[in-house]
Structure formats: C-alpha cells, structure tokens
Amino acid sequence: MKSKADRIETLKMIISSKELGSQEDVLEALAKEGFKVTQATLSRDFKQLKVAKAASMNGRYVYVLPNETMYKRIPNPRMASEMMRIPGYRSINFSGNIAVIRTRPGYASSIAYNIDNSHIEEILGTIAGDDTIIIVIKEDVTREQVISGLSAIVPGMVE
C-alpha cells in the first residue's frame, strides 16, 4: 500500500507538471500513478497543500501550488513516479554565511524540512520557497563543512 506522503509528493509533481482544471482530471492522473483516492481525500490533500486555481498562460483555470507566480510547465511531462526517482536537488551557492540551494519545482520545502530535522551543527536554519532554499550558516564554518553535512541528507548532493 502506498503511503500518504507518497501520494502527496505525487500530487505535487502532477500539479507542477500538468495543466489540470478539474478534480476529475487530477483523480485520473493520480490513478495512472497507482493512487485510487476519493474526491473527499483529494479535497483534503488540496487543503493541506494549499492548492488553488489560477489562470494559465492560455487563459484556462488550472490547479497550482502556492508560491509559484509563473507556473513552470513541462511540455512533455514524465510520469510523476518516474520524476520522484530523480533527486530534487539542483545546485548550491554561497555568499558569506548564507547558502542558496536550487531544487526542482515543489521540492524545496521537503528538502528544507529534512535539513532542519537533521540538526546539522553548522546550520542555524532554513527558509524554503517552491524551488529555492536559503540556509543560514554559523560563523566560521567552511563551505566544505556545510556540503559535508548536507551530502548525507540531500539526495543528489555529492562532496
């Protein structure tokens, strides 16, 4: 049986990669991914994710995730289950005692959550958007120390 967390991640990937305008469309996309859910469950998931409807570039109203002003759509989207196997991490850059991690759309909050809950000694905390994480680093900590601490918990990041 697939977990709620898997369903939520799949739902985020579906909403980020497809222009779906009805709950029936979303339920159908979830079913293709192996998630048979009711409309009531989908509504609760939407509420948890703060899903809204917004006008797309072609004027249709489609479901979107919060914090996305230009909704990044993929012309030929992959199946969400395939996309979930690919790490969300893209890059890291430093400026003083701040690091900025770039992720795939929809991944930043879950990666930041993992960072915060791993209690990495060198990191004071994180702030996450849709595809960007700001990390505040303790004074006198090297970039190498930060990357070393992060590489154990951020899939795709290597030392």
# chains A, B, ... in the order shown; residues from 1 in each chain; ligands from 1

$ residues_around --residues "Val64 of chain A" --least-positions-apart "4" --cutoff "7 Å" --atoms "only C-alpha atoms" --output "list of chain:residue names"
A:Ile15, A:Ser16, A:Val51, A:Ala52, A:Lys53, A:Ala54

$ write_last_selection --atoms "N, CA and C atoms" --output "PDB file, in the first residue's frame"
ATOM      1  N   ILE A  15       0.569  18.346 -10.222  1.00  0.00           N
ATOM      2  CA  ILE A  15       0.096  19.725 -10.323  1.00  0.00           C
ATOM      3  C   ILE A  15       1.174  20.625 -10.925  1.00  0.00           C
ATOM      4  N   SER A  16       2.445  20.367 -10.586  1.00  0.00           N
ATOM      5  CA  SER A  16       3.544  21.184 -11.106  1.00  0.00           C
ATOM      6  C   SER A  16       3.821  20.933 -12.578  1.00  0.00           C
ATOM      7  N   VAL A  51      -3.567  24.143  -2.385  1.00  0.00           N
ATOM      8  CA  VAL A  51      -3.729  24.194  -3.829  1.00  0.00           C
ATOM      9  C   VAL A  51      -4.800  25.230  -4.164  1.00  0.00           C
ATOM     10  N   ALA A  52      -4.557  25.989  -5.221  1.00  0.00           N
ATOM     11  CA  ALA A  52      -5.516  26.998  -5.669  1.00  0.00           C
ATOM     12  C   ALA A  52      -5.696  26.845  -7.175  1.00  0.00           C
ATOM     13  N   LYS A  53      -6.619  27.619  -7.702  1.00  0.00           N
ATOM     14  CA  LYS A  53      -6.775  27.681  -9.155  1.00  0.00           C
ATOM     15  C   LYS A  53      -6.306  29.050  -9.615  1.00  0.00           C
ATOM     16  N   ALA A  54      -5.600  29.059 -10.733  1.00  0.00           N
ATOM     17  CA  ALA A  54      -5.104  30.307 -11.304  1.00  0.00           C
ATOM     18  C   ALA A  54      -5.159  30.195 -12.814  1.00  0.00           C
TER      19      ALA A  54
END

$ residues_around --residues "Tyr107 of chain A" --least-positions-apart "6" --cutoff "12 Å" --atoms "only C-alpha atoms" --output "PyMOL selection string"
chain A and resi 8-10+12-13+16+65+83-84+86-90+101+113-114+128-133+154-155

$ select_by_dssp --residues "segment 12-142 of chain A" --states "helix (DSSP H, G or I)" --output "PyMOL selection string"
chain A and resi 12-17+23-32+39-49+80-84+108-117

$ select_by_dssp --residues "chain A" --states "strand (DSSP E)" --output "compact mmCIF listing (two decimals) with N, CA and C atoms, in the first residue's frame"
# COMPACT_ATOMS: atom_id res chain seq x y z
N ALA A 52 -4.56 25.99 -5.22
CA ALA A 52 -5.52 27.00 -5.67
C ALA A 52 -5.70 26.85 -7.18
N LYS A 53 -6.62 27.62 -7.70
CA LYS A 53 -6.78 27.68 -9.15
C LYS A 53 -6.31 29.05 -9.62
N ALA A 54 -5.60 29.06 -10.73
CA ALA A 54 -5.10 30.31 -11.30
C ALA A 54 -5.16 30.19 -12.81
N ALA A 55 -5.20 31.33 -13.47
CA ALA A 55 -5.22 31.35 -14.94
C ALA A 55 -3.86 30.93 -15.47
N TYR A 61 -8.30 28.05 -16.30
CA TYR A 61 -8.03 28.00 -14.87
C TYR A 61 -7.58 26.59 -14.53
N VAL A 62 -6.40 26.49 -13.90
CA VAL A 62 -5.79 25.21 -13.57
C VAL A 62 -5.34 25.21 -12.11
N TYR A 63 -5.16 24.01 -11.57
CA TYR A 63 -4.68 23.89 -10.20
C TYR A 63 -3.20 24.24 -10.14
N VAL A 64 -2.84 24.98 -9.09
CA VAL A 64 -1.45 25.38 -8.89
C VAL A 64 -1.09 25.23 -7.41
N TYR A 89 17.36 18.02 -5.78
CA TYR A 89 18.49 18.95 -5.65
C TYR A 89 19.06 19.31 -7.01
N ARG A 90 19.34 20.63 -7.22
CA ARG A 90 19.96 21.08 -8.46
C ARG A 90 21.35 21.66 -8.24
N SER A 91 21.47 22.62 -7.28
CA SER A 91 22.77 23.28 -7.08
C SER A 91 22.81 23.97 -5.73
N ILE A 92 24.03 24.34 -5.32
CA ILE A 92 24.22 25.13 -4.10
C ILE A 92 25.24 26.22 -4.40
N ASN A 93 24.98 27.43 -3.88
CA ASN A 93 25.91 28.55 -4.00
C ASN A 93 25.99 29.25 -2.65
N PHE A 94 27.13 29.87 -2.38
CA PHE A 94 27.38 30.50 -1.09
C PHE A 94 27.65 31.99 -1.24
N SER A 95 27.26 32.75 -0.20
CA SER A 95 27.59 34.16 -0.09
C SER A 95 27.68 34.47 1.40
N ILE A 98 25.56 32.60 4.16
CA ILE A 98 24.29 32.15 3.57
C ILE A 98 24.60 31.22 2.40
N ALA A 99 23.81 30.15 2.31
CA ALA A 99 23.88 29.26 1.15
C ALA A 99 22.51 29.25 0.50
N VAL A 100 22.50 29.14 -0.82
CA VAL A 100 21.25 29.05 -1.56
C VAL A 100 21.26 27.74 -2.33
N ILE A 101 20.27 26.91 -2.03
CA ILE A 101 20.10 25.64 -2.74
C ILE A 101 18.97 25.83 -3.74
N ARG A 102 19.20 25.44 -4.97
CA ARG A 102 18.17 25.41 -6.01
C ARG A 102 17.68 23.97 -6.15
N THR A 103 16.36 23.82 -6.28
CA THR A 103 15.77 22.50 -6.41
C THR A 103 14.83 22.48 -7.62
N ILE A 123 24.53 24.51 10.67
CA ILE A 123 23.41 25.25 10.09
C ILE A 123 22.48 25.77 11.18
N LEU A 124 22.18 27.08 11.12
CA LEU A 124 21.25 27.69 12.08
C LEU A 124 19.80 27.44 11.69
N GLY A 125 19.49 27.46 10.40
CA GLY A 125 18.12 27.23 9.95
C GLY A 125 17.97 27.46 8.47
N THR A 126 16.74 27.20 7.98
CA THR A 126 16.45 27.34 6.56
C THR A 126 15.15 28.11 6.34
N ILE A 127 15.02 28.65 5.15
CA ILE A 127 13.77 29.24 4.67
C ILE A 127 13.58 28.68 3.27
N ALA A 128 12.38 28.13 3.00
CA ALA A 128 12.15 27.49 1.71
C ALA A 128 11.01 28.13 0.95
N THR A 132 13.65 27.06 -4.13
CA THR A 132 14.84 27.69 -3.56
C THR A 132 14.84 27.56 -2.05
N ILE A 133 16.00 27.27 -1.49
CA ILE A 133 16.17 27.20 -0.03
C ILE A 133 17.30 28.14 0.35
N ILE A 134 17.05 28.99 1.34
CA ILE A 134 18.11 29.82 1.91
C ILE A 134 18.53 29.17 3.22
N ILE A 135 19.82 28.96 3.37
CA ILE A 135 20.37 28.35 4.58
C ILE A 135 21.24 29.38 5.28
N VAL A 136 20.99 29.58 6.57
CA VAL A 136 21.85 30.47 7.36
C VAL A 136 22.87 29.58 8.07
N ILE A 137 24.14 29.92 7.87
CA ILE A 137 25.25 29.11 8.37
C ILE A 137 25.89 29.82 9.56

$ closest_residue --among "A:Lys2, A:Lys138, A:Arg143, A:His119" --to "Gly34 of chain A" --atoms "only C-alpha atoms"
A:Lys2

$ atom_distance --atom1 "atom CA of Thr142 of chain A" --atom2 "atom CA of Pro105 of chain A"
28.0 Å

$ closest_residue --among "A:Leu150, A:Ile14, A:Lys4, A:Leu49" --to "Lys32 of chain A" --atoms "only C-alpha atoms"
A:Ile14

$ closest_residue --among "A:Ser43, A:Pro66, A:Asp6, A:Ala29" --to "Ser109 of chain A" --atoms "only C-alpha atoms"
A:Pro66
